[in-house]
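Working notes, structure below.
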Amino acid sequence: MTDRTIEISGFDAHLTARLKQIQIRHEGEIVTTIPAEDIGILVVDTPNSNFTNETLVSIVRGGGLVILCGSDHLPAAYVVPVVGNSLQVQRQQQQLALSDRRRNRLWSHIVRAKIQNQALAVEDATVRQRLEILAERVGYADRTNCEASAARIYWPTMVGNPNFRRERDGPPPNLFLNYGYTVLRAAVARALCAAGLNCAFGIHHSNRNAGFCLADDLMEPLRPWIDLAAVELHRKGLTELDKTTKARLLGVLYQPAWFGEERSTVGNAIPRMVGTLVRYYEQATEEVTFPRLPEKEDRHMGSSASGCVPDANENDGP
């Protein structure tokens with residue numbers, strides 16, 4: 001079984017399921033046929049595409065996740081499995097039983113890993129050193145808010161604009177960051193569901209109107225991969241979400257990442273990270289392992305996702 005990230009954009013498609021195969025049609029002609037179990041993430045970004053109920057059910061039963069985009073081309077909804085693992089009840093009980101001490105310690109580990117990856121993302125040696133020092137200073141539950149202090153140092157350097165603010169409705173590259181973070185969030189949510197964990201039970205994030213608080217927590221150390229891609233697009237003068245820019249952002253899942261001492265990809269490292277989280281809930285380990293951003297010379301771009309259009313093939317994932 002492979003793991004494919006597929007985006008449908010640029011044309012209205014009709015998706016059906018037959019014999020565990022997903023057929024994508026355009027104007028009555030079959031564009032491609034994909035085994036349902038091979039789909040890791042399906043992004044649908046056309047207003048008039050339609051699909052049968054069995055199509056969605058087949059994808060999520062195969063362990064995949066579907067992202068539905070709105071007219072602004074940003075993800076508007078996820079379709080995720082309800083049951084992801086035979087140990088689901090036991091693992092969710094362990095989530096709820098997590099002590100405040102272990103919860104706060106885990107949040108400090110998340111923040112430290114995020115700042116460490118931010119340090120690896122910047123090219124300015126002085127800024128890198130400042131971020132590395134901040135990462136070392138992260139204390140229990142990050143009560144001194146090193147995360148916010150790091151952001152104030154990190155963003156102006158990354159974007160090359162001392163007045164840049166990370167805001168959802170802000171100027172570029174915020175649009176690219178919005179899209180990329182949502183795809184990253186979906187990939188983490190998918191891995192959490194597959195492990196039998198409940199995405200609503202967060203470590204730090206606790207919005208009662210959000211069902212993916214745990215995914216929001218766990219994706220924090222992964223954000224610099226998206227940041228680099230978004231800034232790259234911004235520096236090229238690109239300002240719109242289109243086939244090219246979305247493919248670059250989706251392609252982050254195939255980019256290199258260190259997991260412990262092993263070279264991996266972001267997409268492959270995410271479920272392994274979730275596996276260490278499960279062991280943390282089980283009190284079998286004292287730390288969760290997070291992916292580490294490679295140095296610049298080791299960030300060779302892997303496969304990227306492409307729009308599923310009549311003259312293009314979908315890409316294999318990690």
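By convention in this document, the chains of the structure tokens carry letters A, B, ... by their order, each chain's residues are numbered from 1, and ligands are numbered from 1 in the order they are shown.
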
>> Just want the 8 Å neighbourhood of stretch 282-287 of chain A, counted on only C-alpha atoms, with same-chain residues fewer than 2 positions away dropped. Output as number ranges by chain.
In response: A: 94, 106, 109, 276, 278-280, 289

Restricting it to N, CA, C and O atoms, dump the selection as a JSON list (two decimals), in the first residue's frame.
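Output file result10.json is given in full below:
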[["chain", "number", "residue", "atom", "x", "y", "z"],
["A", 94, "GLN", "N", -6.78, 6.85, 28.44],
["A", 94, "GLN", "CA", -5.44, 7.26, 28.84],
["A", 94, "GLN", "C", -5.23, 8.76, 28.58],
["A", 94, "GLN", "O", -4.57, 9.44, 29.37],
["A", 106, "LEU", "N", 4.77, 17.92, 28.69],
["A", 106, "LEU", "CA", 4.69, 17.66, 27.26],
["A", 106, "LEU", "C", 4.59, 18.96, 26.47],
["A", 106, "LEU", "O", 5.22, 19.11, 25.42],
["A", 109, "HIS", "N", 7.92, 20.42, 26.03],
["A", 109, "HIS", "CA", 8.69, 19.69, 25.02],
["A", 109, "HIS", "C", 8.26, 20.13, 23.61],
["A", 109, "HIS", "O", 9.10, 20.27, 22.71],
["A", 276, "THR", "N", 5.03, 7.73, 19.43],
["A", 276, "THR", "CA", 5.71, 8.05, 20.69],
["A", 276, "THR", "C", 4.76, 8.78, 21.64],
["A", 276, "THR", "O", 4.89, 8.66, 22.86],
["A", 278, "VAL", "N", 1.55, 8.08, 21.92],
["A", 278, "VAL", "CA", 0.78, 6.99, 22.52],
["A", 278, "VAL", "C", 1.53, 6.40, 23.69],
["A", 278, "VAL", "O", 0.97, 6.16, 24.77],
["A", 279, "ARG", "N", 2.83, 6.17, 23.52],
["A", 279, "ARG", "CA", 3.64, 5.60, 24.60],
["A", 279, "ARG", "C", 3.74, 6.57, 25.78],
["A", 279, "ARG", "O", 3.84, 6.15, 26.93],
["A", 280, "TYR", "N", 3.72, 7.87, 25.47],
["A", 280, "TYR", "CA", 3.74, 8.86, 26.54],
["A", 280, "TYR", "C", 2.45, 8.78, 27.36],
["A", 280, "TYR", "O", 2.47, 8.83, 28.59],
["A", 289, "THR", "N", 8.99, 12.03, 20.72],
["A", 289, "THR", "CA", 10.00, 12.37, 19.72],
["A", 289, "THR", "C", 9.35, 13.17, 18.60],
["A", 289, "THR", "O", 8.33, 12.76, 18.04]]

Listing only residues of stretch 93-210 of chain A within 12 Å of stretch 2-18 of chain A, what is the closest atom pair and its distance in Å (to one decimal) for each, using only C-alpha atoms, sorted by chain and residue number ascending, as a tab-separated table?
residue	atom	partner	partner_atom	distance
A:Val183	CA	A:Thr5	CA	10.2
A:Leu184	CA	A:Thr5	CA	11.8
A:Ala186	CA	A:Thr5	CA	11.3
A:Ala187	CA	A:Thr5	CA	9.9

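For the atom pair formed by atom CA of A:Glu136 and atom CA of A:Gly180, the distance is 27.7 Å, given to one decimal.
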
Distance table requested - stretch 189-279 of chain A against stretch 71-91 of chain A, cut-off 9 Å, only C-alpha atoms: one row per qualifying residue with the closest atom pair and its distance in Å to one decimal, ordered by chain and rising residue number, as JSON lines.
{"residue": "A:Ala189", "atom": "CA", "partner": "A:Val80", "partner_atom": "CA", "distance": 8.2}
{"residue": "A:Arg190", "atom": "CA", "partner": "A:Val80", "partner_atom": "CA", "distance": 7.0}
{"residue": "A:Leu192", "atom": "CA", "partner": "A:Gly84", "partner_atom": "CA", "distance": 8.4}
{"residue": "A:Cys193", "atom": "CA", "partner": "A:Gly84", "partner_atom": "CA", "distance": 5.1}
{"residue": "A:Ala194", "atom": "CA", "partner": "A:Gly84", "partner_atom": "CA", "distance": 4.4}
{"residue": "A:Ala195", "atom": "CA", "partner": "A:Asn85", "partner_atom": "CA", "distance": 5.8}
{"residue": "A:Gly196", "atom": "CA", "partner": "A:Gln88", "partner_atom": "CA", "distance": 4.1}
{"residue": "A:Leu197", "atom": "CA", "partner": "A:Arg91", "partner_atom": "CA", "distance": 6.1}
{"residue": "A:Asn198", "atom": "CA", "partner": "A:Gln88", "partner_atom": "CA", "distance": 8.3}
{"residue": "A:Leu241", "atom": "CA", "partner": "A:His73", "partner_atom": "CA", "distance": 7.1}
{"residue": "A:Asp242", "atom": "CA", "partner": "A:His73", "partner_atom": "CA", "distance": 8.5}
{"residue": "A:Val278", "atom": "CA", "partner": "A:Arg91", "partner_atom": "CA", "distance": 7.6}

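As for atom CA of A:Gln95 and atom CA of A:Pro221, they are spaced 20.4 Å apart.
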
Would you list the contacts of A:Ala257 as a compact mmCIF listing (two decimals) with N, CA, C and O atoms, in the first residue's frame, taking every protein, DNA or RNA residue within 8 Å and counting only C-alpha atoms, but skipping same-chain residues closer than 5 positions in sequence?
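Wrote result-v7.txt, looks like this:
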# COMPACT_ATOMS: atom_id res chain seq x y z
N ARG A 263 16.86 9.36 8.85
CA ARG A 263 16.37 10.29 7.84
C ARG A 263 15.01 9.78 7.34
O ARG A 263 14.85 8.61 7.00
N SER A 264 14.03 10.65 7.30
CA SER A 264 12.69 10.27 6.92
C SER A 264 12.09 11.39 6.07
O SER A 264 12.81 12.18 5.47
N THR A 265 10.77 11.42 5.98
CA THR A 265 10.06 12.53 5.36
C THR A 265 9.05 13.04 6.37
O THR A 265 8.72 12.34 7.34
N VAL A 266 8.54 14.23 6.14
CA VAL A 266 7.54 14.78 7.07
C VAL A 266 6.34 13.85 7.17
O VAL A 266 5.87 13.53 8.26
N ALA A 269 7.24 10.76 9.13
CA ALA A 269 7.60 11.04 10.52
C ALA A 269 6.37 11.32 11.39
O ALA A 269 6.40 11.07 12.60
N PRO A 291 9.85 15.34 14.83
CA PRO A 291 10.74 15.47 13.65
C PRO A 291 11.62 16.70 13.77
O PRO A 291 11.22 17.72 14.35
N ARG A 292 12.81 16.61 13.20
CA ARG A 292 13.76 17.71 13.25
C ARG A 292 14.06 18.18 11.82
O ARG A 292 14.29 17.38 10.93
N LEU A 293 14.05 19.47 11.63
CA LEU A 293 14.30 20.06 10.30
C LEU A 293 15.77 19.87 9.92
O LEU A 293 16.66 20.21 10.71
N PRO A 294 16.03 19.35 8.72
CA PRO A 294 17.43 19.22 8.28
C PRO A 294 18.06 20.59 8.01
O PRO A 294 17.36 21.58 7.80

>> If we count only C-alpha atoms and set the cut-off at 9 Å, which residues sit around A:Arg143, ignoring sequence neighbours fewer than 4 positions away in its own chain? Please answer as a PyMOL selection string.
In response: chain A and resi 108+138-139

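Residue nearest A:Phe290, chosen from A:Asp216, A:Lys246, A:Ala113, A:Asn268 and counting only C-alpha atoms: A:Ala113.
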
>> What parts of stretch 141-223 of chain A does DSSP call alpha helix (DSSP H)? I'd like the answer as a count of residues only.
In response: 42

> Nearest to A:Val43 among A:Phe164, A:Tyr179, A:Phe201, A:Phe212, with distances taken over only C-alpha atoms: which residue is it?
Replying inline: A:Tyr179

> By how many Å are atom CA of A:Lys296 and atom CA of A:Pro171 apart?
Replying inline: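 Straight-line distance from atom CA of A:Lys296 to atom CA of A:Pro171 works out to 26.1 Å.
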